[in-house]
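The block underneath contains the structure these notes are about, expressed in structure tokens.
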Amino acid sequence: MSKVKKIDDSMGKKIRESLQADCQSCFGLCCTALNITASSDFAIHKAAGTPCPNLQSDFSCQIHSKLRDQGFKGCTVYDCLGAGQKVSQTTFHGQDWRRFPEVSEKMFRVFPIMEQLYEMIAYVAEALSYKVDSSLFNKLHIQLEQLQRATELEADALLAIDIPTFRLPVNGLLLETSEQIRQSLITKIGKKPRKYDNRGVDWIGKNLKGKDLRATDLRGSYLIAANLQNADLRGVDFIGADLRDANLHGADLSTSMFLTQMQINSAQGNLQTKLPSHLKRPSHWAD
């Protein structure tokens with residue numbers, strides 16, 4: 001096994017922290033390009049390519065300050081990581097779909113592709129912020145550069161991308177990263193052996209208050225409305241985990257792995273909840 005590479009983790013960390021949505025530089029793409037199905041998260045049904053009735057002429061939302069009260073909780077959860085402004089300002093060179101209706105159909109098709117590229121960039125950049133071995137670090141760096149180049153492609157080239165082909169190697173590298181980092185933490189914990197692989201587990205509504213879940217693999221797990229109050233979630237792999245309405249009050253997620261803003265936005269927390277540096281505390285969380 002190659003030696004752990006003493007790397008400066010600032011590159012991956014800075015890239016991850018820079019992936020922030022700038023709605024003022026976007027043409028309301030999440031409010032227009034995406035399909036919305038009426039549910040507890042959305043008060044209306046809206047077909048993809050149709051503007052939300054709350055979208056104003058300047059691409060701002062007329063009920064932005066009261067989305068949750070008006071039945072649009074899903075809007076407060078969503079995060080494009082900056083894909084919206086990339087499509088608006090780079091791919092389509094600032095041509096908005098209202099003034100240039102001829103680009104609208106293509107713009108709305110490109111946005112979900114860019115969104116997925118940005119999601120993969122966020123994961124790979126985060127992986128680069130960890131102290132992994134040199135072989136894995138180099139593979140992650142190459143993968144990041146490939147993903148970043150893809151975001152600079154013209155619209156037609158973006159539409160030709162086979163996203164599953166991109167995802168396959170990324171997923172393998174993230175699994176390898178997770179295993180290295182969690183195994184290192186497991187060794188440090190040095191406690192009585194317990195089950196660390198809970199991938200895809202159904203813990204809906206489960207009471208896990210105060211549990212030590214450090215270094216657990218919770219990829220694709222169902223944690224809807226689970227009670228994780230004051231739980232130790234450091235080093236937990238959360239890729240694809242469903243945290244809707246999970247109680248994270250006082251939980252320690254400071255070094256949780258591959259946790260996204262959307263997952264946090266969908267959960268419940270408070271000022272005592274510890275988050276990774278690249279995530280923001282949702283405004284709807286209790287004081």
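To be explicit about the labels: the chains of the structure tokens are called A, B, and onward in the order shown, and within each one the residues are counted from 1, while ligands get numbers from 1 in the order they are shown.
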
*Would you list the contacts of segment 124-132 of chain A as a PyMOL selection string, taking every protein, DNA or RNA residue within 7 Å and counting only C-alpha atoms, but skipping same-chain residues closer than 2 positions in sequence?*
chain A and resi 4-5+7+9-10+12-13+15-16+120-122+134+136-137+140+144+174+177+180

Selection above as a file: N, CA, C and O atoms, as a PDB file, in the first residue's frame:
ATOM      1  N   VAL A   4       0.566   7.308   2.943  1.00  0.00           N
ATOM      2  CA  VAL A   4      -0.393   8.405   2.957  1.00  0.00           C
ATOM      3  C   VAL A   4       0.322   9.676   2.514  1.00  0.00           C
ATOM      4  O   VAL A   4       1.377  10.022   3.043  1.00  0.00           O
ATOM      5  N   LYS A   5      -0.242  10.333   1.556  1.00  0.00           N
ATOM      6  CA  LYS A   5       0.402  11.521   1.008  1.00  0.00           C
ATOM      7  C   LYS A   5       0.110  12.725   1.885  1.00  0.00           C
ATOM      8  O   LYS A   5      -1.034  13.015   2.197  1.00  0.00           O
ATOM      9  N   ILE A   7      -0.616  15.968   1.990  1.00  0.00           N
ATOM     10  CA  ILE A   7      -1.068  16.959   1.019  1.00  0.00           C
ATOM     11  C   ILE A   7      -1.656  18.167   1.716  1.00  0.00           C
ATOM     12  O   ILE A   7      -2.069  18.102   2.873  1.00  0.00           O
ATOM     13  N   ASP A   9      -4.672  20.128   2.049  1.00  0.00           N
ATOM     14  CA  ASP A   9      -6.076  19.846   1.744  1.00  0.00           C
ATOM     15  C   ASP A   9      -6.850  21.093   1.338  1.00  0.00           C
ATOM     16  O   ASP A   9      -8.057  21.027   1.117  1.00  0.00           O
ATOM     17  N   SER A  10      -6.166  22.221   1.215  1.00  0.00           N
ATOM     18  CA  SER A  10      -6.872  23.477   0.953  1.00  0.00           C
ATOM     19  C   SER A  10      -7.522  23.508  -0.425  1.00  0.00           C
ATOM     20  O   SER A  10      -8.562  24.126  -0.605  1.00  0.00           O
ATOM     21  N   GLY A  12      -9.031  21.046  -2.350  1.00  0.00           N
ATOM     22  CA  GLY A  12     -10.343  20.418  -2.362  1.00  0.00           C
ATOM     23  C   GLY A  12     -11.335  21.160  -1.483  1.00  0.00           C
ATOM     24  O   GLY A  12     -12.495  21.336  -1.851  1.00  0.00           O
ATOM     25  N   LYS A  13     -10.857  21.616  -0.324  1.00  0.00           N
ATOM     26  CA  LYS A  13     -11.739  22.321   0.608  1.00  0.00           C
ATOM     27  C   LYS A  13     -12.241  23.636   0.020  1.00  0.00           C
ATOM     28  O   LYS A  13     -13.425  23.966   0.115  1.00  0.00           O
ATOM     29  N   ILE A  15     -12.491  24.446  -3.180  1.00  0.00           N
ATOM     30  CA  ILE A  15     -13.411  24.168  -4.288  1.00  0.00           C
ATOM     31  C   ILE A  15     -14.783  23.794  -3.736  1.00  0.00           C
ATOM     32  O   ILE A  15     -15.808  24.286  -4.202  1.00  0.00           O
ATOM     33  N   ARG A  16     -14.789  22.932  -2.718  1.00  0.00           N
ATOM     34  CA  ARG A  16     -16.074  22.496  -2.137  1.00  0.00           C
ATOM     35  C   ARG A  16     -16.833  23.681  -1.549  1.00  0.00           C
ATOM     36  O   ARG A  16     -18.043  23.817  -1.753  1.00  0.00           O
ATOM     37  N   MET A 120     -21.241  15.907  -8.640  1.00  0.00           N
ATOM     38  CA  MET A 120     -20.057  15.039  -8.643  1.00  0.00           C
ATOM     39  C   MET A 120     -18.795  15.819  -8.298  1.00  0.00           C
ATOM     40  O   MET A 120     -17.925  15.324  -7.571  1.00  0.00           O
ATOM     41  N   ILE A 121     -18.695  17.053  -8.801  1.00  0.00           N
ATOM     42  CA  ILE A 121     -17.541  17.896  -8.471  1.00  0.00           C
ATOM     43  C   ILE A 121     -17.483  18.140  -6.967  1.00  0.00           C
ATOM     44  O   ILE A 121     -16.412  18.090  -6.349  1.00  0.00           O
ATOM     45  N   ALA A 122     -18.625  18.392  -6.361  1.00  0.00           N
ATOM     46  CA  ALA A 122     -18.669  18.644  -4.914  1.00  0.00           C
ATOM     47  C   ALA A 122     -18.165  17.439  -4.135  1.00  0.00           C
ATOM     48  O   ALA A 122     -17.376  17.572  -3.185  1.00  0.00           O
ATOM     49  N   SER A 134      -1.568   8.465  -1.769  1.00  0.00           N
ATOM     50  CA  SER A 134      -1.178   9.247  -2.942  1.00  0.00           C
ATOM     51  C   SER A 134      -1.803   8.736  -4.228  1.00  0.00           C
ATOM     52  O   SER A 134      -2.154   9.509  -5.116  1.00  0.00           O
ATOM     53  N   LEU A 136      -4.761   7.229  -4.638  1.00  0.00           N
ATOM     54  CA  LEU A 136      -6.159   7.663  -4.673  1.00  0.00           C
ATOM     55  C   LEU A 136      -6.249   9.167  -4.893  1.00  0.00           C
ATOM     56  O   LEU A 136      -7.088   9.651  -5.657  1.00  0.00           O
ATOM     57  N   PHE A 137      -5.373   9.927  -4.226  1.00  0.00           N
ATOM     58  CA  PHE A 137      -5.378  11.380  -4.403  1.00  0.00           C
ATOM     59  C   PHE A 137      -5.193  11.754  -5.872  1.00  0.00           C
ATOM     60  O   PHE A 137      -5.898  12.607  -6.407  1.00  0.00           O
ATOM     61  N   LEU A 140      -8.314  10.977  -7.887  1.00  0.00           N
ATOM     62  CA  LEU A 140      -9.359  11.963  -7.591  1.00  0.00           C
ATOM     63  C   LEU A 140      -9.074  13.281  -8.308  1.00  0.00           C
ATOM     64  O   LEU A 140     -10.000  13.917  -8.848  1.00  0.00           O
ATOM     65  N   LEU A 144     -11.471  15.089 -10.979  1.00  0.00           N
ATOM     66  CA  LEU A 144     -11.967  16.447 -10.785  1.00  0.00           C
ATOM     67  C   LEU A 144     -11.730  17.300 -12.023  1.00  0.00           C
ATOM     68  O   LEU A 144     -12.619  18.027 -12.470  1.00  0.00           O
ATOM     69  N   LEU A 174     -15.188   7.471  -4.651  1.00  0.00           N
ATOM     70  CA  LEU A 174     -15.778   7.926  -3.390  1.00  0.00           C
ATOM     71  C   LEU A 174     -15.898   6.773  -2.399  1.00  0.00           C
ATOM     72  O   LEU A 174     -15.713   6.958  -1.185  1.00  0.00           O
ATOM     73  N   THR A 177     -12.459   6.317  -1.016  1.00  0.00           N
ATOM     74  CA  THR A 177     -12.168   7.390  -0.060  1.00  0.00           C
ATOM     75  C   THR A 177     -12.854   7.124   1.275  1.00  0.00           C
ATOM     76  O   THR A 177     -12.243   7.224   2.341  1.00  0.00           O
ATOM     77  N   GLN A 180     -11.129   4.326   3.236  1.00  0.00           N
ATOM     78  CA  GLN A 180      -9.851   4.720   3.840  1.00  0.00           C
ATOM     79  C   GLN A 180     -10.047   5.601   5.072  1.00  0.00           C
ATOM     80  O   GLN A 180      -9.438   5.372   6.116  1.00  0.00           O
TER      81      GLN A 180
END

Select from segment 148-172 of chain A every residue with an atom at most 12 Å from any atom of segment 81-85 of chain A, then for each give the shortest pair of atoms and their distance in Å to one decimal, using only C-alpha atoms, rows by chain and rising number, as CSV.
residue,atom,partner,partner_atom,distance
A:Gln148,CA,A:Ala83,CA,11.8
A:Thr151,CA,A:Ala83,CA,8.9
A:Glu152,CA,A:Ala83,CA,11.5

*Give me the residues within 10 Å of segment 160-172 of chain A as a ChimeraX atom specification, counting only C-alpha atoms and dropping any in the same chain fewer than 6 places off.*
/A:110,113-114,116-117,120-121,123-124,139-140,143-144,146-147,150,153,178

*How would you write, as a PyMOL selection string, the set of residues in segment 76-111 of chain A that DSSP gives as alpha helix (DSSP H)?*
chain A and resi 76-77+83-86+104-111

Contacts of segment 77-181 of chain A with segment 38-48 of chain A up to 10 Å, shortest pair per row, only C-alpha atoms, as CSV:
residue,atom,partner,partner_atom,distance
A:Val77,CA,A:Asp41,CA,9.2
A:Phe108,CA,A:Ala48,CA,8.0
A:Arg109,CA,A:Ala48,CA,9.3

*Considering only C-alpha atoms, state which residue in the set A:Arg68, A:Lys209, A:Arg99, A:Arg182 is at the smallest distance from His249 of chain A.*
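Using only C-alpha atoms, His249 of chain A sits closest to A:Lys209.
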
*For Gly210 of chain A, which of A:Gly28, A:Pro276, A:Gly250, A:Gly71 is the closest residue, counting only C-alpha atoms?*
A:Gly250

*Using only C-alpha atoms, which residues sit within 7 Å of Gly220 of chain A once same-chain residues fewer than 3 positions away are excluded, as a ChimeraX atom specification?*
/A:199-200,239-241
